[in-house]
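Below is one structure, written out as structure tokens, with a few remarks after it.
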Amino acid sequence: LAERLEDAWKKLRGQNKISQSNIQDALQEVRRALLEADVNLQVVKTFVAEVEQKALGAEVISGVNPGQQFIKIVYDELVKVMGESNVPLAQADKPPTVILMAGLQGTGKTTATAKLALYLRKQNQTCLMVATDVYRPAAIDQLITLGQQIDVPVFEMGSDADPVEIARAGVEKAKEMGVDTVLIDTAGRLQIDRDMMAELARIKATVNPHDTLLVVDAMTGQEAANLTRTFQEQIGITGAILTKLDGDTRGGAALSVRQVSGQPIKFVGVGEKVEALQPFYPDRMASRILNMGDVLTLVEKAQEQIDIADVEKMQSKILEAKFDFNDFLKQMRLLKNMGSLGGLLKMIPGFSKLSGADIEKGETELKRTEAMINSMTTEERANPDLLAKSPSRRRRIARGSGYEESDVTKLVSNFTRMRNMMQQMGRGGMPAMPGMPGM
Ligand code: GDP
Ligand code: MG
């Protein structure tokens, strides 16, 4: 698959612009990749349409070929749809935080309840787990055993009690005990079942959870979308846990769950053990779904190209003498991203004989410079001449950054000199070197 994508992108690479006609093959490959990852068909359609729009509307970045740009758009969109960053568990203003677990039988609810309790306990929170699954023989014992294993108490009322009543009493108990979080494990059925949903809805209405987490087996594949829709409509979820990601599934269910419910996936289960729980990270899942170990490398390469395009923009700024401390700072950060200063300097004629000590000195110098620029006001950064004229401004920056006034004076005069020099170099037809400033 990676090869097919690569082919489609190669074709795009030969083009100089993303267009309606040259993008179709690449879009087809994205569609196929997502379907192979078991993303729901409807979800795939919506996603691909969105990517197409974005790609066609994308500003052409000089120096970045359309293939690279396209990969970046697909990847970024996937990360965006899955929520960009990790969303933590809800937290009540006044403890206990009530977390309700929902989902079909066998998806891993009971296991996930214990995993969460252990996760919270490791963060020095106290928990109580509540066993409301009175239907499956041994379900209560399962939770009790897990509780002993992780040293977290379990509230239960036997298998004759009413689940709604157990949940209510469990939360009461948690208040009494003064625990931070109460986790309510519930019963599931093999399929969506009206009685089960009704009972879950009653439990929810009774305990008013801060988080209602749908536990979804990552192997569910296509069906994950319908399942999520039903739970969202009938119960209302605030997040999900995707289990069994240690299997060979690509995790397309993550995209389906997220897109259908609009709610974040908060954790993933990666094994049968109680420790096998990880916070969900959209970027990692995006590369897993695209099934390309190299996707990240490709994305990084594209980003580098985009950065280089940025440098080119900056060079024209230098020529127009619009280069200021903001650009300078950006330039320095870029330099950091591009790897070691030493490696970069070696490529510049005249600097190739630098020793390790010199380079280290240069790196210290960069840090110093960054600290001083950070202490400048926006106005000062945009207009370095202000600083050349005003000793009091320079004194303030020295105080703010923890350096001497003479250091600031030196930075400003070096900067001005460098700017003039670069302008001259530019006019003389020599390429201005990215990463040169300050050196
Ligand atoms: P419940 O019916 O929803 O409460 O599901 P259980 O918690 O009883 O789990 C059902 C089965 O799935 C058990 O055998 C668990 O060990 C297993 N299981 C749960 N989570 C994971 C996971 O993340 N990875 C793997 N491989 N197995 C899991
Ligand atoms: Mg269970």
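Here's how to read the names in the structure tokens: chain A, B, ... by the order shown, residue numbers from 1 in each chain, ligand numbers from 1 in the order shown.
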Can you pull out every residue within 10 Å of stretch 53-56 of chain A, counting only C-alpha atoms, but drop anything in the same chain fewer than 6 positions away, and send it as number ranges by chain?
-> A: 17-20, 23, 27, 66, 69-74, 77
For ligand 1, collect every residue having any atom at a distance of at most 10 Å from a ligand atom (counting only C-alpha atoms and all ligand atoms); output as a ChimeraX atom specification.
-> /A:101-115,133,136,138-139,142-143,185-190,215-218,241-247,268-278
Restrict the selected residues to C-alpha atoms and save them as a CSV table (one decimal), in the first residue's frame.
chain,number,residue,atom,x,y,z
A,101,MET,CA,-18.2,3.1,31.4
A,102,ALA,CA,-20.4,1.9,28.5
A,103,GLY,CA,-20.1,-0.5,25.7
A,104,LEU,CA,-20.9,-3.9,24.3
A,105,GLN,CA,-20.0,-7.1,26.1
A,106,GLY,CA,-16.4,-8.3,25.6
A,107,THR,CA,-15.1,-5.0,24.4
A,108,GLY,CA,-13.0,-4.6,27.6
A,109,LYS,CA,-15.1,-2.4,29.9
A,110,THR,CA,-14.3,-4.2,33.1
A,111,THR,CA,-10.6,-4.3,32.2
A,112,ALA,CA,-10.6,-0.7,31.2
A,113,THR,CA,-12.2,0.3,34.5
A,114,ALA,CA,-9.4,-1.3,36.4
A,115,LYS,CA,-6.8,0.1,34.0
A,133,ASP,CA,-22.9,-6.0,35.9
A,136,ARG,CA,-22.9,-12.1,33.6
A,138,ALA,CA,-18.5,-13.9,37.7
A,139,ALA,CA,-18.5,-10.3,36.3
A,142,GLN,CA,-13.8,-10.3,37.9
A,143,LEU,CA,-13.8,-6.7,39.1
A,185,ASP,CA,-18.5,-0.6,35.4
A,186,THR,CA,-21.6,-1.6,33.6
A,187,ALA,CA,-23.1,-4.7,31.8
A,188,GLY,CA,-22.9,-5.0,28.1
A,189,ARG,CA,-24.7,-7.2,25.6
A,190,LEU,CA,-23.3,-8.8,22.5
A,215,VAL,CA,-15.4,1.4,25.3
A,216,VAL,CA,-14.9,0.3,21.7
A,217,ASP,CA,-13.0,-2.8,20.5
A,218,ALA,CA,-10.6,-1.6,17.8
A,241,ILE,CA,-11.6,4.2,25.0
A,242,LEU,CA,-10.3,2.2,22.1
A,243,THR,CA,-9.2,-1.3,23.3
A,244,LYS,CA,-7.2,-4.1,21.8
A,245,LEU,CA,-5.0,-1.9,19.7
A,246,ASP,CA,-2.3,-4.4,20.4
A,247,GLY,CA,-3.9,-6.6,17.8
A,268,VAL,CA,-6.2,3.2,24.2
A,269,GLY,CA,-5.9,-0.3,25.5
A,270,VAL,CA,-2.9,-2.1,24.3
A,271,GLY,CA,-3.0,-5.5,26.1
A,272,GLU,CA,-4.7,-7.6,28.6
A,273,LYS,CA,-2.6,-6.5,31.6
A,274,VAL,CA,-3.9,-3.7,33.8
A,275,GLU,CA,-0.9,-1.6,33.0
A,276,ALA,CA,-1.7,-1.7,29.2
A,277,LEU,CA,-3.4,1.6,28.9
A,278,GLN,CA,-2.0,4.7,27.1
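Residue nearest A:Val39, chosen from A:Ala398, A:Val408, A:Ile265, A:Ala225 and counting only C-alpha atoms: A:Ala225.
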Do you have the atom CA of A:Asn383-atom CA of A:Leu329 distance handy?
->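 If I compute the distance from atom CA of A:Asn383 to atom CA of A:Leu329, I get 13.5 Å.
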Taking the DSSP assignment computed from this structure's backbone, write out as a ChimeraX atom specification all residues of stretch 101-246 of chain A that belong to strand (DSSP E).
-> /A:101-102,127-131,154-155,181-185,211-217,239-243
Mind writing the picked residues with N, CA and C atoms as a PDB file, in the first residue's frame?
ATOM      1  N   MET A 101     -18.735   3.836  32.523  1.00  0.00           N
ATOM      2  CA  MET A 101     -18.205   3.051  31.407  1.00  0.00           C
ATOM      3  C   MET A 101     -19.366   2.423  30.649  1.00  0.00           C
ATOM      4  N   ALA A 102     -19.334   2.515  29.320  1.00  0.00           N
ATOM      5  CA  ALA A 102     -20.408   1.945  28.520  1.00  0.00           C
ATOM      6  C   ALA A 102     -19.813   1.158  27.368  1.00  0.00           C
ATOM      7  N   CYS A 127      -9.486   6.033  44.246  1.00  0.00           N
ATOM      8  CA  CYS A 127     -10.616   5.598  43.417  1.00  0.00           C
ATOM      9  C   CYS A 127     -11.484   4.576  44.130  1.00  0.00           C
ATOM     10  N   LEU A 128     -12.715   4.487  43.627  1.00  0.00           N
ATOM     11  CA  LEU A 128     -13.596   3.389  44.004  1.00  0.00           C
ATOM     12  C   LEU A 128     -14.189   2.853  42.705  1.00  0.00           C
ATOM     13  N   MET A 129     -14.190   1.548  42.552  1.00  0.00           N
ATOM     14  CA  MET A 129     -14.821   0.954  41.370  1.00  0.00           C
ATOM     15  C   MET A 129     -16.154   0.349  41.791  1.00  0.00           C
ATOM     16  N   VAL A 130     -17.165   0.505  40.939  1.00  0.00           N
ATOM     17  CA  VAL A 130     -18.502   0.025  41.267  1.00  0.00           C
ATOM     18  C   VAL A 130     -18.928  -1.048  40.266  1.00  0.00           C
ATOM     19  N   ALA A 131     -19.334  -2.207  40.809  1.00  0.00           N
ATOM     20  CA  ALA A 131     -19.691  -3.338  39.944  1.00  0.00           C
ATOM     21  C   ALA A 131     -21.198  -3.419  39.747  1.00  0.00           C
ATOM     22  N   VAL A 154     -13.561  -2.048  45.714  1.00  0.00           N
ATOM     23  CA  VAL A 154     -14.693  -2.282  44.809  1.00  0.00           C
ATOM     24  C   VAL A 154     -15.980  -2.248  45.622  1.00  0.00           C
ATOM     25  N   PHE A 155     -16.964  -1.541  45.100  1.00  0.00           N
ATOM     26  CA  PHE A 155     -18.285  -1.529  45.741  1.00  0.00           C
ATOM     27  C   PHE A 155     -19.213  -2.457  44.975  1.00  0.00           C
ATOM     28  N   THR A 181     -12.176   9.795  42.592  1.00  0.00           N
ATOM     29  CA  THR A 181     -12.890   9.349  41.396  1.00  0.00           C
ATOM     30  C   THR A 181     -13.637   8.050  41.646  1.00  0.00           C
ATOM     31  N   VAL A 182     -14.867   7.982  41.125  1.00  0.00           N
ATOM     32  CA  VAL A 182     -15.597   6.725  41.200  1.00  0.00           C
ATOM     33  C   VAL A 182     -15.877   6.244  39.782  1.00  0.00           C
ATOM     34  N   LEU A 183     -15.471   5.004  39.519  1.00  0.00           N
ATOM     35  CA  LEU A 183     -15.596   4.428  38.182  1.00  0.00           C
ATOM     36  C   LEU A 183     -16.705   3.385  38.191  1.00  0.00           C
ATOM     37  N   ILE A 184     -17.703   3.573  37.332  1.00  0.00           N
ATOM     38  CA  ILE A 184     -18.825   2.640  37.319  1.00  0.00           C
ATOM     39  C   ILE A 184     -18.752   1.708  36.120  1.00  0.00           C
ATOM     40  N   ASP A 185     -18.502   0.447  36.411  1.00  0.00           N
ATOM     41  CA  ASP A 185     -18.467  -0.569  35.357  1.00  0.00           C
ATOM     42  C   ASP A 185     -19.909  -1.019  35.119  1.00  0.00           C
ATOM     43  N   ASP A 211     -17.926  12.093  33.120  1.00  0.00           N
ATOM     44  CA  ASP A 211     -17.418  11.502  31.883  1.00  0.00           C
ATOM     45  C   ASP A 211     -18.190  10.219  31.616  1.00  0.00           C
ATOM     46  N   THR A 212     -18.718  10.091  30.400  1.00  0.00           N
ATOM     47  CA  THR A 212     -19.338   8.831  29.995  1.00  0.00           C
ATOM     48  C   THR A 212     -18.504   8.292  28.850  1.00  0.00           C
ATOM     49  N   LEU A 213     -17.772   7.221  29.127  1.00  0.00           N
ATOM     50  CA  LEU A 213     -16.808   6.724  28.152  1.00  0.00           C
ATOM     51  C   LEU A 213     -17.309   5.473  27.448  1.00  0.00           C
ATOM     52  N   LEU A 214     -17.366   5.554  26.133  1.00  0.00           N
ATOM     53  CA  LEU A 214     -17.740   4.388  25.352  1.00  0.00           C
ATOM     54  C   LEU A 214     -16.490   3.548  25.101  1.00  0.00           C
ATOM     55  N   VAL A 215     -16.563   2.299  25.503  1.00  0.00           N
ATOM     56  CA  VAL A 215     -15.426   1.408  25.275  1.00  0.00           C
ATOM     57  C   VAL A 215     -15.654   0.669  23.957  1.00  0.00           C
ATOM     58  N   VAL A 216     -14.745   0.853  23.021  1.00  0.00           N
ATOM     59  CA  VAL A 216     -14.890   0.253  21.696  1.00  0.00           C
ATOM     60  C   VAL A 216     -13.704  -0.656  21.397  1.00  0.00           C
ATOM     61  N   ASP A 217     -14.018  -1.845  20.963  1.00  0.00           N
ATOM     62  CA  ASP A 217     -12.982  -2.789  20.532  1.00  0.00           C
ATOM     63  C   ASP A 217     -12.475  -2.335  19.158  1.00  0.00           C
ATOM     64  N   GLY A 239     -16.683  10.733  25.609  1.00  0.00           N
ATOM     65  CA  GLY A 239     -15.359  10.292  25.213  1.00  0.00           C
ATOM     66  C   GLY A 239     -15.380   8.804  24.942  1.00  0.00           C
ATOM     67  N   ALA A 240     -14.246   8.284  24.523  1.00  0.00           N
ATOM     68  CA  ALA A 240     -14.181   6.863  24.228  1.00  0.00           C
ATOM     69  C   ALA A 240     -12.827   6.287  24.616  1.00  0.00           C
ATOM     70  N   ILE A 241     -12.828   4.981  24.799  1.00  0.00           N
ATOM     71  CA  ILE A 241     -11.576   4.243  24.991  1.00  0.00           C
ATOM     72  C   ILE A 241     -11.538   3.173  23.907  1.00  0.00           C
ATOM     73  N   LEU A 242     -10.475   3.146  23.170  1.00  0.00           N
ATOM     74  CA  LEU A 242     -10.324   2.175  22.094  1.00  0.00           C
ATOM     75  C   LEU A 242      -9.441   1.037  22.606  1.00  0.00           C
ATOM     76  N   THR A 243     -10.009  -0.163  22.687  1.00  0.00           N
ATOM     77  CA  THR A 243      -9.247  -1.278  23.265  1.00  0.00           C
ATOM     78  C   THR A 243      -8.700  -2.213  22.198  1.00  0.00           C
TER      79      THR A 243
END
In Å, how far is it from atom CA of A:Leu366 to atom CA of A:Lys330?
->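 According to the coordinates, atom CA of A:Leu366 and atom CA of A:Lys330 are separated by 12.2 Å.
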Write out as a count of residues only which residues come within 8 Å of A:Ala253 when counting only C-alpha atoms, dropping same-chain ones fewer than 2 positions away.
-> 14
A:Glu233 environment, 12 Å, only C-alpha atoms, sequence neighbours closer than 4 positions dropped, as a ChimeraX atom specification | /A:197,201,226-229,237-238,260-262
Please produce an output containing N, CA and C atoms for each residue in the selection, written as a compact mmCIF listing (two decimals), in the first residue's frame.
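The file below, result18.txt, is the result:
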# COMPACT_ATOMS: atom_id res chain seq x y z
N MET A 197 -29.70 -0.54 26.78
CA MET A 197 -29.60 0.91 26.60
C MET A 197 -30.46 1.65 27.61
N ALA A 201 -29.15 4.24 30.35
CA ALA A 201 -29.67 5.60 30.39
C ALA A 201 -30.15 5.94 31.80
N ASN A 226 -21.66 2.80 13.45
CA ASN A 226 -23.05 2.64 13.86
C ASN A 226 -23.20 2.51 15.36
N LEU A 227 -22.29 1.73 15.91
CA LEU A 227 -22.29 1.52 17.35
C LEU A 227 -22.18 2.86 18.08
N THR A 228 -21.22 3.64 17.65
CA THR A 228 -21.00 4.94 18.29
C THR A 228 -22.21 5.84 18.14
N ARG A 229 -22.79 5.82 16.94
CA ARG A 229 -23.95 6.67 16.69
C ARG A 229 -25.07 6.32 17.66
N ILE A 237 -22.37 10.27 24.94
CA ILE A 237 -21.06 9.97 25.50
C ILE A 237 -20.19 11.24 25.48
N THR A 238 -19.17 11.24 26.32
CA THR A 238 -18.27 12.41 26.34
C THR A 238 -16.86 12.01 25.95
N VAL A 260 -18.03 10.38 14.12
CA VAL A 260 -19.47 10.18 14.32
C VAL A 260 -19.95 10.86 15.61
N SER A 261 -19.16 10.76 16.68
CA SER A 261 -19.63 11.28 17.97
C SER A 261 -19.18 12.71 18.22
N GLY A 262 -18.11 13.11 17.56
CA GLY A 262 -17.56 14.44 17.85
C GLY A 262 -16.84 14.46 19.20
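Ranking A:Ala286, A:Leu146, A:Ile140, A:Ala167 by their shortest atom-to-atom distance to ligand 2, with only C-alpha atoms and all ligand atoms included, puts A:Ile140 first.
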